[in-house]
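The block underneath contains the structure these notes are about, expressed in structure tokens.
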Amino acid sequence: MSLYTSNSLFPNAIPNGNATQMDDKPKNRMIYLDVTPARTPFKRLTSPNTVAPLKDNLVNPIISKDIIYENIKPVFTIMRLMGVLPLTRPKPAVNQFQIASPSMLYSAIVYVSLVSYVLYLSLHKVQILRTTGAEGKFEEAVIEYLFTVYLFPMITVPILWYETRKIAAVLNSWVQFEVAYKQMSGRSLPIKLYNKALAIAIVIPVLSTTSVVVTHITMVHFKLTQIVPYIFLEILTYILGGYWYLLCESLSFSASILAEDFQQALRYVGPAGKVAEYRALWLRLSKIARDTGIANCYTFTFVNLYLFLIITLSIYGLLSQISEGFGIKDIGLALTALCSIFLLFFICDEAHYASHNVRTIFQKKLLMVELSWMNADAQTEVNMFLRATEMNTSQISLGGYFDINRTLFKSLMATMVTYLVVLLQFQISIPDENQLETGEESIANVTSSVTEAMTTTTTLTTILTTLAKKKKKH
């Protein structure tokens, strides 16, 4: 308590013998720092060598362009031009599917016009197959039916229309993941897949057209008017493979980037809140991996079964010609079989690799974390993170029917071998034309021999009967 009173006339006086500087210290007071600071006035740069300050584009959570869509944009453009993905974007970073939209109308016009042409060709082809199957060899009939099987991918177009809404939801989930990552790390998601997507969008149409032309040249019954729909369907099949590759690569790169950032963050920062942020971000990525398989469930189920059928029939066509030797028409069958096997393996391997990166890589990073210097809350968060990776599966499953991984490829190849053995047994059990001709000749020889024997017997009987009548007269 102060022992003096203030003296406004003599501020430097020392009342009661005590200096004013020896007054008691004031009590602790509340200090409010929620006042907005004054805005710094804008000043023009005076020197050309002066570096302009960075704007808030690195920390602003609003992303004007969704990075995943922009990286895969070349492939999306090809699919939209073909009328198989009627995706609409009313504004950046927003993906929708609307039935009453110009994109859907364009897709319907392209599909109806193409189906009309393919239907005419398929009906004409089926008539040829029936006559060939009734009169020709079994293996030739199977190979002829292969070109009708090539028209099956037309079914994937309406299936993709049905799943476009779910694909748009997955792309919107990617936007939310990018926003959350930018809020946490202060930078955009560093994914660089645009060059790969551009190469896929250019190379696949060229290679598909070349493959169809080679098959047209080497196969006898392949007409020139059938090239256009076969080229379209060949491009569609392999562009779907490229689209699947880019989706899986986006998952793999994002998981690798998130794992590296998590490892770097734990070296310098050890609070529990940081680990919880990375756990929430990983749960988002794991959900995107599962939704990717669900969104493309029926499309890639059909594609896998179609590739399995094409591989089986193509390899059977090659094996059935071993006894006669390979000819020029077998080049198309060999090319189709190799490309289909490669695409099927590619689909299964990329999904397996993406699932491995999303789950297994993070589990290894968590198991290698040094917990001795962390507090109890941080250690608890790391254990919860590890438990979350065990409980939340990151397998890419097609609607829960089966997982796409290398085991699926192995199972399909084993089943294919079984079907090939059955088809080859059918071929062996059916006699050739040479055997039929030999059998017919032998039957004709036996018939003529029997006829001659019967004629000789009849002649002898007549002679003996005549002699017996003459003896009776005498």
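Naming works like this for the structure tokens: A, B, ... for the chains as they're shown, residue 1 at the start of each chain, ligands 1 onward in shown order.
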
query = So which residues touch segment 102-117 of chain A within 9 Å, counting only C-alpha atoms, skipping near sequence neighbours fewer than 4 positions away, as a VMD selection string?
reply = chain A and resid 80 to 88 97 to 98 121 to 122 154 157 to 158 161 229

Mind dumping a table of every segment 92-200 of chain A residue within 9 Å of segment 271-287 of chain A, with the nearest atom pair and its distance in Å to one decimal, using only C-alpha atoms, sorted by chain and rising number, as CSV?
```
residue,atom,partner,partner_atom,distance
A:Ser173,CA,A:Arg284,CA,8.2
A:Trp174,CA,A:Leu285,CA,8.4
A:Gln176,CA,A:Arg284,CA,8.7
A:Phe177,CA,A:Arg284,CA,6.6
A:Ala180,CA,A:Leu281,CA,7.1
A:Tyr181,CA,A:Leu281,CA,7.2
A:Met184,CA,A:Glu277,CA,7.5
```

Suppose we keep N, CA, C and O atoms; can you now write the selection as a short mmCIF file (atom, residue, chain, number, x, y, z; two decimals), in the first residue's frame?
```
data_model
loop_
_atom_site.label_atom_id
_atom_site.label_comp_id
_atom_site.auth_asym_id
_atom_site.auth_seq_id
_atom_site.Cartn_x
_atom_site.Cartn_y
_atom_site.Cartn_z
N SER A 173 -14.22 -36.36 -53.31
CA SER A 173 -13.49 -36.77 -52.11
C SER A 173 -12.01 -36.45 -52.23
O SER A 173 -11.37 -36.09 -51.23
N TRP A 174 -11.48 -36.57 -53.44
CA TRP A 174 -10.09 -36.17 -53.66
C TRP A 174 -9.91 -34.68 -53.38
O TRP A 174 -8.89 -34.26 -52.83
N GLN A 176 -11.59 -32.83 -51.25
CA GLN A 176 -11.59 -32.66 -49.80
C GLN A 176 -10.27 -33.13 -49.18
O GLN A 176 -9.76 -32.49 -48.25
N PHE A 177 -9.71 -34.19 -49.71
CA PHE A 177 -8.41 -34.66 -49.22
C PHE A 177 -7.32 -33.63 -49.51
O PHE A 177 -6.45 -33.36 -48.66
N ALA A 180 -7.66 -30.75 -47.03
CA ALA A 180 -7.18 -31.12 -45.70
C ALA A 180 -5.65 -31.21 -45.68
O ALA A 180 -5.00 -30.79 -44.71
N TYR A 181 -5.08 -31.75 -46.73
CA TYR A 181 -3.61 -31.84 -46.79
C TYR A 181 -2.98 -30.46 -46.84
O TYR A 181 -1.94 -30.21 -46.20
N MET A 184 -2.99 -28.80 -43.43
CA MET A 184 -2.06 -29.37 -42.47
C MET A 184 -0.61 -29.09 -42.84
O MET A 184 0.20 -28.73 -41.98
#
```

Given only C-alpha atoms as the counted atoms, nearest of A:Val382, A:Leu366, A:Ile227, A:Leu307 to Thr336 of chain A = A:Leu307

ask   = Could you state the separation of atom CA of Leu309 of chain A and atom CA of Met416 of chain A in Å, given to one decimal place?
value =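 So the two atoms, atom CA of Leu309 of chain A and atom CA of Met416 of chain A, lie 8.4 Å apart.
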